[in-house]
Amino acid sequence: MNDAQIINGIKNGNEAAIRYAINKYSKLMWRIAATVLKNVAITEDVEECVADVFVYLWQNYDKWSEQRGHLKIWLSSVAKSKAIDRYRQLSKKSELSLNDEMMIKSIPLIDNIMAAETKRELIASVNALAEIDREIVVRRYYYQQKPKEIGFVLDMPVKQVENRLYLSKLKLREMITR
């Protein structure tokens, strides 16, 4: 079955045509969705995303045309779009937590420089700080909050937040260099 035959079959309500498209393209759609969703989704989310691609094909077959390219390419772009939408949904739902693995994966810029072991040492050192100091450090360097925002949330003067940050950095430097 070629692309035009698949679309004509879907247009005529032929379930065999959509089954053929699913069998032919599902592995590719899975790879695309799994690549986009790899850090935020579970297997069921990827499956649902792939299913959404084929539901979209069933309901919007008329949006594909031979002049725009192969059905495979069109479905790939639909899969990528659906996966990005799912990624955004899942990212909004996830809670902001200080999870070691999440922290390791998302320390910006230095991610390519520091080895995972060094990151683990850093996280262990941060976790060894006093609770208030740990919260200030995490809010400042992980969530990128300004000292003024941190002071407001924790109900402390900005100068005290800055002093605690300074002292915490000294403690962290000492712990890591040991």
# chains A, B, ... in the order shown; residues from 1 in each chain; ligands from 1
call {"tool": "residues_around", "arguments": {"residues": "region 38-46 of chain A", "least_positions_apart": "5", "cutoff": "9 Å", "atoms": "only C-alpha atoms", "output": "list in words"}}
result
Trp30, Ala33, Ala51, Ala83, Arg86, Tyr87, Leu90, Ser91 and Ser94 of chain A
call {"tool": "residues_around", "arguments": {"residues": "region 76-80 of chain A", "least_positions_apart": "4", "cutoff": "7 Å", "atoms": "only C-alpha atoms", "output": "ChimeraX atom specification"}}
result
/A:29,32-33,50,53,72,84
call {"tool": "closest_residue", "arguments": {"among": "A:Trp58, A:Asp52, A:Leu167, A:Arg31", "to": "Ala17 (chain A)", "atoms": "only C-alpha atoms"}}
result
A:Trp58
call {"tool": "residues_around", "arguments": {"residues": "region 123-138 of chain A", "least_positions_apart": "2", "cutoff": "8 Å", "atoms": "only C-alpha atoms", "output": "count of residues only"}}
result
18
call {"tool": "residues_around", "arguments": {"residues": "Asp62 (chain A)", "least_positions_apart": "4", "cutoff": "9 Å", "atoms": "only C-alpha atoms", "output": "PyMOL selection string"}}
result
chain A and resi 7+11+57
call {"tool": "select_by_dssp", "arguments": {"residues": "chain A", "states": "helix (DSSP H, G or I)", "output": "count of residues only"}}
result
141
call {"tool": "atom_distance", "arguments": {"atom1": "CA of Ile73 (chain A)", "atom2": "CA of Glu15 (chain A)"}}
result
21.5 Å
call {"tool": "closest_residue", "arguments": {"among": "A:Met156, A:Ala4, A:Val36, A:Ile18", "to": "Tyr56 (chain A)", "atoms": "only C-alpha atoms"}}
result
A:Ile18
call {"tool": "atom_distance", "arguments": {"atom1": "CA of Glu47 (chain A)", "atom2": "CA of Gly9 (chain A)"}}
result
24.0 Å
call {"tool": "residues_around", "arguments": {"residues": "Ile6 (chain A)", "least_positions_apart": "4", "cutoff": "12 Å", "atoms": "only C-alpha atoms", "output": "PDB file with N, CA and C atoms, in the first residue's frame"}}
result
ATOM      1  N   MET A   1       0.847  -1.181   0.000  1.00  0.00           N
ATOM      2  CA  MET A   1       0.000   0.000   0.000  1.00  0.00           C
ATOM      3  C   MET A   1       0.891   1.242   0.000  1.00  0.00           C
ATOM      4  N   ASN A   2       0.644   2.173  -0.906  1.00  0.00           N
ATOM      5  CA  ASN A   2       1.410   3.413  -0.899  1.00  0.00           C
ATOM      6  C   ASN A   2       0.667   4.481  -0.089  1.00  0.00           C
ATOM      7  N   ILE A  10      -8.349   5.375   4.543  1.00  0.00           N
ATOM      8  CA  ILE A  10      -8.807   6.059   5.762  1.00  0.00           C
ATOM      9  C   ILE A  10      -9.997   6.947   5.438  1.00  0.00           C
ATOM     10  N   LYS A  11      -9.924   7.633   4.308  1.00  0.00           N
ATOM     11  CA  LYS A  11     -11.012   8.511   3.851  1.00  0.00           C
ATOM     12  C   LYS A  11     -12.314   7.732   3.704  1.00  0.00           C
ATOM     13  N   ASN A  12     -12.214   6.496   3.230  1.00  0.00           N
ATOM     14  CA  ASN A  12     -13.390   5.655   3.032  1.00  0.00           C
ATOM     15  C   ASN A  12     -13.772   4.869   4.286  1.00  0.00           C
ATOM     16  N   GLY A  13     -13.081   5.126   5.402  1.00  0.00           N
ATOM     17  CA  GLY A  13     -13.403   4.472   6.662  1.00  0.00           C
ATOM     18  C   GLY A  13     -12.890   3.041   6.765  1.00  0.00           C
ATOM     19  N   ASN A  14     -11.906   2.713   5.965  1.00  0.00           N
ATOM     20  CA  ASN A  14     -11.338   1.370   5.947  1.00  0.00           C
ATOM     21  C   ASN A  14     -10.356   1.220   7.113  1.00  0.00           C
ATOM     22  N   GLU A  15     -10.733   0.427   8.092  1.00  0.00           N
ATOM     23  CA  GLU A  15      -9.882   0.242   9.265  1.00  0.00           C
ATOM     24  C   GLU A  15      -8.590  -0.497   8.923  1.00  0.00           C
ATOM     25  N   ALA A  16      -8.624  -1.285   7.874  1.00  0.00           N
ATOM     26  CA  ALA A  16      -7.413  -2.004   7.461  1.00  0.00           C
ATOM     27  C   ALA A  16      -6.337  -1.012   7.040  1.00  0.00           C
ATOM     28  N   ALA A  17      -6.727   0.113   6.469  1.00  0.00           N
ATOM     29  CA  ALA A  17      -5.766   1.125   6.039  1.00  0.00           C
ATOM     30  C   ALA A  17      -5.067   1.758   7.240  1.00  0.00           C
ATOM     31  N   ILE A  18      -5.822   2.082   8.274  1.00  0.00           N
ATOM     32  CA  ILE A  18      -5.201   2.684   9.459  1.00  0.00           C
ATOM     33  C   ILE A  18      -4.353   1.634  10.180  1.00  0.00           C
ATOM     34  N   ARG A  19      -4.801   0.376  10.208  1.00  0.00           N
ATOM     35  CA  ARG A  19      -3.980  -0.684  10.811  1.00  0.00           C
ATOM     36  C   ARG A  19      -2.671  -0.850  10.053  1.00  0.00           C
ATOM     37  N   TYR A  20      -2.737  -0.748   8.738  1.00  0.00           N
ATOM     38  CA  TYR A  20      -1.541  -0.848   7.918  1.00  0.00           C
ATOM     39  C   TYR A  20      -0.580   0.304   8.249  1.00  0.00           C
ATOM     40  N   ALA A  21      -1.121   1.519   8.359  1.00  0.00           N
ATOM     41  CA  ALA A  21      -0.295   2.683   8.706  1.00  0.00           C
ATOM     42  C   ALA A  21       0.324   2.515  10.091  1.00  0.00           C
ATOM     43  N   ILE A  22      -0.453   1.994  11.020  1.00  0.00           N
ATOM     44  CA  ILE A  22       0.067   1.771  12.378  1.00  0.00           C
ATOM     45  C   ILE A  22       1.205   0.762  12.347  1.00  0.00           C
ATOM     46  N   ASN A  23       0.992  -0.347  11.655  1.00  0.00           N
ATOM     47  CA  ASN A  23       2.042  -1.367  11.566  1.00  0.00           C
ATOM     48  C   ASN A  23       3.288  -0.844  10.866  1.00  0.00           C
ATOM     49  N   LYS A  24       3.089  -0.039   9.850  1.00  0.00           N
ATOM     50  CA  LYS A  24       4.217   0.451   9.050  1.00  0.00           C
ATOM     51  C   LYS A  24       5.008   1.541   9.774  1.00  0.00           C
ATOM     52  N   TYR A  25       4.330   2.446  10.486  1.00  0.00           N
ATOM     53  CA  TYR A  25       4.989   3.634  11.020  1.00  0.00           C
ATOM     54  C   TYR A  25       5.087   3.697  12.543  1.00  0.00           C
ATOM     55  N   LEU A  57      -4.177  11.163  12.513  1.00  0.00           N
ATOM     56  CA  LEU A  57      -4.204  10.724  11.114  1.00  0.00           C
ATOM     57  C   LEU A  57      -5.618  10.317  10.729  1.00  0.00           C
ATOM     58  N   TRP A  58      -6.298   9.554  11.564  1.00  0.00           N
ATOM     59  CA  TRP A  58      -7.652   9.079  11.286  1.00  0.00           C
ATOM     60  C   TRP A  58      -8.621  10.249  11.133  1.00  0.00           C
ATOM     61  N   TYR A  61      -6.912  13.158   8.045  1.00  0.00           N
ATOM     62  CA  TYR A  61      -6.245  12.614   6.856  1.00  0.00           C
ATOM     63  C   TYR A  61      -6.196  13.627   5.725  1.00  0.00           C
ATOM     64  N   ASP A  62      -7.175  14.528   5.680  1.00  0.00           N
ATOM     65  CA  ASP A  62      -7.265  15.516   4.596  1.00  0.00           C
ATOM     66  C   ASP A  62      -6.179  16.591   4.677  1.00  0.00           C
ATOM     67  N   TRP A  64      -3.033  15.976   4.860  1.00  0.00           N
ATOM     68  CA  TRP A  64      -1.855  15.482   4.149  1.00  0.00           C
ATOM     69  C   TRP A  64      -2.103  15.586   2.650  1.00  0.00           C
ATOM     70  N   SER A  65      -1.072  15.972   1.917  1.00  0.00           N
ATOM     71  CA  SER A  65      -1.171  15.960   0.448  1.00  0.00           C
ATOM     72  C   SER A  65       0.144  15.434  -0.115  1.00  0.00           C
ATOM     73  N   GLU A  66       0.052  14.765  -1.255  1.00  0.00           N
ATOM     74  CA  GLU A  66       1.248  14.195  -1.884  1.00  0.00           C
ATOM     75  C   GLU A  66       2.259  15.267  -2.250  1.00  0.00           C
ATOM     76  N   HIS A  70       6.089  12.752   1.617  1.00  0.00           N
ATOM     77  CA  HIS A  70       5.641  11.410   1.990  1.00  0.00           C
ATOM     78  C   HIS A  70       4.838  11.442   3.289  1.00  0.00           C
ATOM     79  N   LEU A  71       3.961  10.490   3.421  1.00  0.00           N
ATOM     80  CA  LEU A  71       3.145  10.350   4.630  1.00  0.00           C
ATOM     81  C   LEU A  71       4.040  10.140   5.857  1.00  0.00           C
ATOM     82  N   LYS A  72       5.113   9.412   5.665  1.00  0.00           N
ATOM     83  CA  LYS A  72       6.071   9.135   6.744  1.00  0.00           C
ATOM     84  C   LYS A  72       6.626  10.445   7.330  1.00  0.00           C
TER      85      LYS A  72
END
